[in-house]
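Okay, target-v7.pdb is below, PDB, C-alpha atoms:
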MODEL        1
ATOM      1  CA  MET A   1     -24.556  72.366 -10.273
ATOM      2  CA  ALA A   2     -26.882  69.999  -8.469
ATOM      3  CA  SER A   3     -29.492  70.760 -11.119
ATOM      4  CA  THR A   4     -27.403  68.967 -13.828
ATOM      5  CA  SER A   5     -28.329  65.608 -12.422
ATOM      6  CA  THR A   6     -32.035  66.465 -12.760
ATOM      7  CA  ASP A   7     -31.498  67.993 -16.217
ATOM      8  CA  ALA A   8     -29.998  64.788 -17.599
ATOM      9  CA  GLY A   9     -32.214  62.951 -20.011
ATOM     10  CA  PRO A  10     -33.123  59.253 -19.906
ATOM     11  CA  ALA A  11     -30.309  58.389 -22.374
ATOM     12  CA  ASP A  12     -27.683  59.847 -20.017
ATOM     13  CA  LYS A  13     -29.057  57.835 -17.087
ATOM     14  CA  VAL A  14     -28.870  54.574 -19.067
ATOM     15  CA  ALA A  15     -25.293  55.324 -20.191
ATOM     16  CA  ARG A  16     -24.280  56.191 -16.643
ATOM     17  CA  LEU A  17     -25.865  52.981 -15.286
ATOM     18  CA  ARG A  18     -23.981  50.862 -17.804
ATOM     19  CA  VAL A  19     -20.674  52.297 -16.668
ATOM     20  CA  VAL A  20     -21.582  51.797 -13.053
ATOM     21  CA  ASN A  21     -22.597  48.180 -13.698
ATOM     22  CA  LEU A  22     -19.304  47.437 -15.439
ATOM     23  CA  GLU A  23     -17.331  48.838 -12.561
ATOM     24  CA  LYS A  24     -19.254  46.771 -10.024
ATOM     25  CA  GLN A  25     -18.615  43.428 -11.731
ATOM     26  CA  ASP A  26     -16.574  41.074  -9.572
ATOM     27  CA  SER A  27     -13.849  39.431 -11.652
ATOM     28  CA  ARG A  28     -12.276  37.212  -8.993
ATOM     29  CA  VAL A  29     -12.829  33.472  -9.140
ATOM     30  CA  VAL A  30     -14.456  31.904  -6.122
ATOM     31  CA  LYS A  31     -12.649  28.709  -5.115
ATOM     32  CA  PRO A  32     -14.820  25.881  -3.889
ATOM     33  CA  LYS A  33     -14.565  25.132  -0.192
ATOM     34  CA  ARG A  34     -12.248  22.309   0.668
ATOM     35  CA  GLN A  35     -14.021  19.201   1.862
ATOM     36  CA  PRO A  36     -13.006  17.911   5.287
ATOM     37  CA  ARG A  37     -10.471  15.105   5.066
ATOM     38  CA  VAL A  38     -11.902  11.658   5.658
ATOM     39  CA  ASN A  39      -9.481   9.149   7.106
ATOM     40  CA  LEU A  40     -10.300   6.319   4.690
ATOM     41  CA  ALA A  41      -6.786   5.109   3.991
ATOM     42  CA  ALA A  42      -5.517   5.861   7.510
ATOM     43  CA  LYS A  43      -2.744   8.037   6.183
ATOM     44  CA  SER A  44      -2.658   9.894   9.445
ATOM     45  CA  LEU A  45      -4.231   8.751  12.653
ATOM     46  CA  THR A  46      -5.543  11.218  15.163
ATOM     47  CA  LYS A  47      -4.382  11.116  18.775
ATOM     48  CA  GLU A  48      -7.693   9.611  19.845
ATOM     49  CA  GLU A  49      -7.420   6.868  17.228
ATOM     50  CA  ARG A  50      -3.837   6.122  18.302
ATOM     51  CA  ALA A  51      -4.884   5.865  21.946
ATOM     52  CA  GLN A  52      -7.560   3.311  21.054
ATOM     53  CA  LEU A  53      -5.114   0.989  19.278
ATOM     54  CA  LYS A  54      -4.072  -2.034  21.341
ATOM     55  CA  TYR A  55      -1.312  -4.551  20.679
ATOM     56  CA  ALA A  56      -3.744  -7.450  21.165
ATOM     57  CA  GLN A  57      -5.768  -6.218  18.163
ATOM     58  CA  PHE A  58      -2.742  -6.718  15.893
ATOM     59  CA  GLU A  59      -1.524 -10.137  17.086
ATOM     60  CA  PRO A  60      -3.890 -11.947  14.657
ATOM     61  CA  MET A  61      -2.554  -9.711  11.887
ATOM     62  CA  TYR A  62       0.962 -10.881  12.747
ATOM     63  CA  GLN A  63      -0.153 -14.521  12.407
ATOM     64  CA  LEU A  64      -1.675 -13.717   9.001
ATOM     65  CA  TRP A  65       1.569 -12.005   7.957
ATOM     66  CA  LEU A  66       3.526 -15.163   8.864
ATOM     67  CA  GLN A  67       1.277 -17.201   6.561
ATOM     68  CA  TYR A  68       1.715 -14.587   3.825
ATOM     69  CA  ALA A  69       5.503 -14.667   4.241
ATOM     70  CA  LEU A  70       5.538 -18.473   3.965
ATOM     71  CA  GLN A  71       3.681 -18.198   0.666
ATOM     72  CA  MET A  72       5.963 -15.460  -0.657
ATOM     73  CA  MET A  73       9.198 -17.196   0.375
ATOM     74  CA  PRO A  74       8.796 -20.957   0.605
ATOM     75  CA  GLU A  75      12.569 -21.477   0.908
ATOM     76  CA  VAL A  76      15.050 -19.028   2.388
ATOM     77  CA  SER A  77      18.565 -19.561   1.061
ATOM     78  CA  THR A  78      21.781 -17.830   2.040
ATOM     79  CA  LYS A  79      22.479 -16.573  -1.503
ATOM     80  CA  GLY A  80      20.240 -13.562  -0.916
ATOM     81  CA  LYS A  81      19.663 -12.268  -4.434
ATOM     82  CA  PRO A  82      16.156 -13.534  -5.317
ATOM     83  CA  GLU A  83      15.016 -13.332  -1.721
ATOM     84  CA  GLY A  84      16.262  -9.758  -1.452
ATOM     85  CA  ASP A  85      14.102  -8.627  -4.354
ATOM     86  CA  ARG A  86      11.135 -10.533  -2.991
ATOM     87  CA  LEU A  87      11.564  -9.057   0.470
ATOM     88  CA  LEU A  88      11.630  -5.533  -0.900
ATOM     89  CA  ARG A  89       8.402  -6.198  -2.789
ATOM     90  CA  MET A  90       6.656  -7.840   0.153
ATOM     91  CA  GLU A  91       3.987  -6.143   2.188
ATOM     92  CA  TRP A  92       5.236  -5.502   5.733
ATOM     93  CA  LEU A  93       1.890  -4.577   7.266
ATOM     94  CA  GLY A  94       1.493  -6.965  10.218
ATOM     95  CA  ALA A  95       5.158  -7.979  10.455
ATOM     96  CA  MET A  96       7.014  -7.802  13.749
ATOM     97  CA  LEU A  97      10.085  -5.620  13.274
ATOM     98  CA  MET A  98      12.913  -4.514  15.521
ATOM     99  CA  VAL A  99      14.836  -1.303  14.891
ATOM    100  CA  THR A 100      18.535  -2.239  15.019
ATOM    101  CA  GLU A 101      20.058   0.991  13.705
ATOM    102  CA  ALA A 102      18.632   4.485  13.405
ATOM    103  CA  ASP A 103      19.780   8.066  13.069
ATOM    104  CA  ASN A 104      17.972   8.705  16.358
ATOM    105  CA  PRO A 105      19.673   6.480  18.964
ATOM    106  CA  SER A 106      16.569   6.426  21.188
ATOM    107  CA  MET A 107      14.765   4.369  18.530
ATOM    108  CA  VAL A 108      17.294   1.533  18.514
ATOM    109  CA  GLY A 109      15.888  -1.602  20.119
ATOM    110  CA  LEU A 110      12.203  -0.761  19.649
ATOM    111  CA  VAL A 111      10.087  -3.781  18.703
ATOM    112  CA  GLY A 112       6.539  -3.811  17.413
ATOM    113  CA  ILE A 113       4.024  -4.924  14.825
ATOM    114  CA  VAL A 114       3.759  -2.764  11.711
ATOM    115  CA  VAL A 115       0.398  -1.003  11.818
ATOM    116  CA  LEU A 116       0.943   1.265   8.824
ATOM    117  CA  GLU A 117       3.690   1.589   6.251
ATOM    118  CA  THR A 118       3.991   4.812   4.296
ATOM    119  CA  LYS A 119       6.525   6.035   1.790
ATOM    120  CA  LEU A 120       8.774   7.480   4.479
ATOM    121  CA  THR A 121       7.773   5.766   7.735
ATOM    122  CA  MET A 122       7.076   2.480   9.462
ATOM    123  CA  GLN A 123       4.433   2.885  12.139
ATOM    124  CA  LEU A 124       4.567   0.275  14.872
ATOM    125  CA  ILE A 125       2.613  -0.631  17.964
ATOM    126  CA  THR A 126       4.578  -2.083  20.887
ATOM    127  CA  LYS A 127       3.507  -4.627  23.505
ATOM    128  CA  LYS A 128       2.925  -1.706  25.870
ATOM    129  CA  ASP A 129       0.314  -0.315  23.427
ATOM    130  CA  LYS A 130       2.597   2.558  22.450
ATOM    131  CA  TYR A 131       2.209   3.863  18.895
ATOM    132  CA  LEU A 132       5.580   4.673  17.281
ATOM    133  CA  ILE A 133       6.437   6.384  14.019
ATOM    134  CA  ILE A 134       9.890   5.331  12.779
ATOM    135  CA  PRO A 135      11.385   7.082   9.728
ATOM    136  CA  LYS A 136      12.754   4.713   7.113
ATOM    137  CA  ALA A 137      15.635   7.015   6.204
ATOM    138  CA  GLY A 138      18.744   5.980   8.111
ATOM    139  CA  SER A 139      17.008   3.059   9.836
ATOM    140  CA  VAL A 140      17.709  -0.660   9.704
ATOM    141  CA  PHE A 141      15.011  -3.160  10.665
ATOM    142  CA  GLN A 142      15.290  -6.842  11.503
ATOM    143  CA  THR A 143      12.777  -9.644  11.688
ATOM    144  CA  ALA A 144      13.086 -13.371  12.342
ATOM    145  CA  PHE A 145      11.736 -15.778   9.761
ATOM    146  CA  ARG A 146      12.298 -19.556   9.591
ATOM    147  CA  GLY A 147      15.240 -19.415  11.958
ATOM    148  CA  LYS A 148      16.992 -16.664   9.988
ATOM    149  CA  VAL A 149      17.355 -13.023  10.840
ATOM    150  CA  LEU A 150      16.315 -10.855   7.907
ATOM    151  CA  THR A 151      17.775  -7.370   7.772
ATOM    152  CA  LEU A 152      15.875  -4.638   5.937
ATOM    153  CA  PHE A 153      17.451  -1.306   5.127
ATOM    154  CA  GLY A 154      14.929   1.503   5.403
ATOM    155  CA  ASP A 155      16.678   3.515   2.689
ATOM    156  CA  ALA A 156      16.001   0.660   0.251
ATOM    157  CA  MET A 157      12.297   0.702   1.130
ATOM    158  CA  ARG A 158      11.659   4.417   0.693
ATOM    159  CA  LEU A 159       8.917   3.938  -1.855
ATOM    160  CA  ARG A 160       5.267   3.243  -1.335
ATOM    161  CA  PRO A 161       4.726  -0.487  -0.864
ATOM    162  CA  SER A 162       2.695  -0.695  -4.074
ATOM    163  CA  GLN A 163       5.493   0.938  -6.097
ATOM    164  CA  ARG A 164       8.530  -0.971  -4.833
ATOM    165  CA  GLY A 165       7.997  -3.839  -7.260
ATOM    166  CA  ARG A 166       7.329  -1.652 -10.297
ATOM    167  CA  LYS A 167      10.351   0.636 -10.223
ATOM    168  CA  SER A 168      13.028  -2.061 -10.354
ATOM    169  CA  ARG A 169      14.691  -0.659 -13.479
ATOM    170  CA  LEU A 170      14.741   2.884 -12.091
ATOM    171  CA  ARG A 171      16.200   2.212  -8.682
ATOM    172  CA  GLN A 172      19.838   1.588  -7.992
ATOM    173  CA  LYS A 173      21.200  -1.593  -6.531
ATOM    174  CA  LEU A 174      19.792  -1.510  -3.021
ATOM    175  CA  PRO A 175      21.589  -2.907   0.014
ATOM    176  CA  PHE A 176      20.048  -6.017   1.483
ATOM    177  CA  SER A 177      21.454  -8.827   3.536
ATOM    178  CA  LEU A 178      20.395 -12.148   4.956
ATOM    179  CA  ARG A 179      22.113 -13.343   8.075
TER     180      ARG A 179
ENDMDL
END
Would you kindly transcribe this structure into structure tokens?
Amino acid sequence: MASTSTDAGPADKVARLRVVNLEKQDSRVVKPKRQPRVNLAAKSLTKEERAQLKYAQFEPMYQLWLQYALQMMPEVSTKGKPEGDRLLRMEWLGAMLMVTEADNPSMVGLVGIVVLETKLTMQLITKKDKYLIIPKAGSVFQTAFRGKVLTLFGDAMRLRPSQRGRKSRLRQKLPFSLR
């Protein structure tokens, strides 16, 4: 029976090779390798980057935020309606906030400058150079501005800062108060 392979003509060898080649074809799609993530927008800071952050680096940012807030709200009235919409649309990066209420009671009373604001979190740095991540859900923040205490509800701010001003017709009436 071994002699049948030697008895096969050249046409049989070509036909057999074609079948073999078809069976060896690889039909799976090769996915390109994922590029390593570059921290351009600082969406997540590494532990080393967090350890290098110092409160003194962000004090000038707080002064710039105060100037920005004066431009955004030249007069603060007690009526609250126009200021409430403006405050929700404002950028809070650089503001000094205090957590007055939170689902996690250990977060109440924390004070710091906003280093990064994401859709779901406020990330602060305290005077002791401690980097904190505070969830917006269930949290209430306060800041002082022109002798008034402004209260911000984290649930009302649970959009990306760039989208808070655009989705006014889609969002419900959001709680906001001026004291």
- Item | Given all atoms listed in the file as the counted atoms, nearest of A:Val30, A:Met90, A:Val140, A:Val111 to A:Tyr68 | A:Met90
- Task: Determine the nearest neighbour of A:Arg89 from the options A:Ile134, A:Ala102, A:Ala69, A:Met107, counting all atoms listed in the file.
- Result: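 Result for the nearest residue to A:Arg89: A:Ala69.
Atom CA of A:Tyr55 is positioned 6.2 Å from atom CA of A:Ile125.
Between atom CA of A:Glu117 and atom CA of A:Leu53 there is a distance of 15.7 Å.
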- Task: Write out as a PyMOL selection string the residues lying within 12 Å of A:Phe153, counting only C-alpha atoms and excluding same-chain residues fewer than 2 positions away.
- Result: chain A and resi 84+87-88+97-102+122+135-143+150-151+155-158+174-178
- Evaluate the PyMOL selection byres ((chain A and resi 95) around 7) and record the selected residues as a ChimeraX atom specification, following the chain and residue labels used in the document. /A:62,65,92-94,96-97,113-114
- Query: Quick one, how far is atom CA of A:Leu159 from atom CA of A:Thr118?
  - Reply: 7.9 Å
- Query: the PyMOL selection byres ((chain A and resi 132) around 9) on the file shown: which residues, as a PyMOL selection string?
  - Reply: chain A and resi 110+112+122-126+130-131+133-134
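Closest approach to A:Gln163 among A:Lys128, A:Val149, A:Glu91, A:Ala51 is made by A:Glu91 (distances from all atoms listed in the file).
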- Go through A:Arg86, A:Gln57, A:Gly154, A:Lys47 one by one, measure the shortest atom-to-atom distance of each to A:Leu70 using all atoms listed in the file, and give the residue with the smallest value.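 Distance minimum relative to A:Leu70 lands on A:Arg86.
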- Task: Find the spatial neighbours of A:Ala56, counting only C-alpha atoms, within a cut-off of 9 Å - ignore same-chain residues fewer than 4 positions away - and output them as a PyMOL selection string.
- Result: chain A and resi 60+127+129
Coordinate excerpt as a compact mmCIF listing (two decimals), in the first residue's frame: stretch 35-143 of chain A, C-alpha atoms:
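Below you can see selection-v2.txt, which holds the result:
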# COMPACT_ATOMS: atom_id res chain seq x y z
CA GLN A 35 -1.06 50.81 22.41
CA PRO A 36 0.04 51.65 25.94
CA ARG A 37 -2.14 54.32 27.52
CA VAL A 38 -0.57 57.75 27.64
CA ASN A 39 -1.72 59.95 30.48
CA LEU A 40 -2.35 63.07 28.39
CA ALA A 41 -5.63 64.15 29.93
CA ALA A 42 -4.73 62.94 33.43
CA LYS A 43 -7.80 60.78 33.62
CA SER A 44 -6.08 58.57 36.11
CA LEU A 45 -2.96 59.43 38.01
CA THR A 46 -0.51 56.77 39.04
CA LYS A 47 0.55 56.41 42.66
CA GLU A 48 3.92 57.96 41.89
CA GLU A 49 2.27 60.96 40.23
CA ARG A 50 -0.08 61.38 43.20
CA ALA A 51 2.83 61.29 45.64
CA GLN A 52 4.59 64.07 43.73
CA LEU A 53 1.60 66.44 43.92
CA LYS A 54 1.95 69.15 46.57
CA TYR A 55 -0.67 71.57 47.87
CA ALA A 56 1.67 74.53 47.28
CA GLN A 57 1.64 73.75 43.53
CA PHE A 58 -2.13 74.33 43.42
CA GLU A 59 -2.41 77.52 45.50
CA PRO A 60 -1.78 79.72 42.41
CA MET A 61 -4.47 77.74 40.60
CA TYR A 62 -6.89 78.61 43.41
CA GLN A 63 -6.09 82.32 42.96
CA LEU A 64 -6.75 81.99 39.21
CA TRP A 65 -10.05 80.23 39.95
CA LEU A 66 -11.11 83.15 42.18
CA GLN A 67 -10.51 85.55 39.28
CA TYR A 68 -12.44 83.24 36.96
CA ALA A 69 -15.35 83.06 39.42
CA LEU A 70 -15.47 86.87 39.68
CA GLN A 71 -15.78 87.07 35.91
CA MET A 72 -18.46 84.37 35.75
CA MET A 73 -20.53 85.80 38.62
CA PRO A 74 -20.01 89.53 39.05
CA GLU A 75 -22.95 89.80 41.46
CA VAL A 76 -24.22 87.07 43.75
CA SER A 77 -27.87 87.55 44.69
CA THR A 78 -30.01 85.54 47.07
CA LYS A 79 -32.60 84.65 44.39
CA GLY A 80 -30.46 81.72 43.26
CA LYS A 81 -31.97 80.86 39.89
CA PRO A 82 -29.54 82.41 37.36
CA GLU A 83 -26.59 81.88 39.66
CA GLY A 84 -27.53 78.23 40.13
CA ASP A 85 -27.38 77.55 36.40
CA ARG A 86 -24.13 79.46 36.11
CA LEU A 87 -22.57 77.58 39.01
CA LEU A 88 -23.45 74.23 37.48
CA ARG A 89 -21.82 75.28 34.21
CA MET A 90 -18.70 76.68 35.86
CA GLU A 91 -15.38 74.92 35.84
CA TRP A 92 -14.44 73.82 39.36
CA LEU A 93 -10.83 72.91 38.65
CA GLY A 94 -8.81 74.98 41.14
CA ALA A 95 -11.70 75.75 43.50
CA MET A 96 -11.39 75.11 47.22
CA LEU A 97 -14.24 72.82 48.27
CA MET A 98 -15.34 71.32 51.56
CA VAL A 99 -17.34 68.09 51.71
CA THR A 100 -20.32 68.80 53.99
CA GLU A 101 -22.37 65.66 53.36
CA ALA A 102 -21.42 62.31 51.89
CA ASP A 103 -22.62 58.73 51.81
CA ASN A 104 -19.29 57.83 53.43
CA PRO A 105 -19.20 59.65 56.79
CA SER A 106 -15.39 59.63 56.89
CA MET A 107 -15.34 62.06 53.96
CA VAL A 108 -17.40 64.74 55.71
CA GLY A 109 -15.29 67.75 56.63
CA LEU A 110 -12.51 67.17 54.09
CA VAL A 111 -11.23 70.39 52.50
CA GLY A 112 -9.02 70.76 49.47
CA ILE A 113 -8.36 72.30 46.08
CA VAL A 114 -9.92 70.52 43.11
CA VAL A 115 -7.10 68.94 41.11
CA LEU A 116 -9.27 67.00 38.67
CA GLU A 117 -12.99 66.81 38.05
CA THR A 118 -14.39 63.81 36.21
CA LYS A 119 -17.91 62.74 35.42
CA LEU A 120 -18.29 60.88 38.70
CA THR A 121 -15.61 62.27 41.03
CA MET A 122 -14.01 65.38 42.46
CA GLN A 123 -10.33 64.82 43.14
CA LEU A 124 -8.87 67.10 45.78
CA ILE A 125 -5.51 67.76 47.35
CA THR A 126 -5.48 68.77 51.02
CA LYS A 127 -3.08 71.06 52.89
CA LYS A 128 -1.32 67.93 54.15
CA ASP A 129 -0.55 66.97 50.51
CA LYS A 130 -3.04 64.10 50.63
CA TYR A 131 -4.73 63.22 47.33
CA LEU A 132 -8.44 62.41 47.78
CA ILE A 133 -11.00 61.03 45.37
CA ILE A 134 -14.54 62.02 46.40
CA PRO A 135 -17.51 60.54 44.51
CA LYS A 136 -20.07 63.11 43.42
CA ALA A 137 -23.00 60.77 43.99
CA GLY A 138 -24.50 61.41 47.42
CA SER A 139 -22.04 64.21 48.23
CA VAL A 140 -22.64 67.88 48.97
CA PHE A 141 -19.82 70.40 48.57
CA GLN A 142 -19.52 73.94 49.87
CA THR A 143 -17.29 76.84 48.97
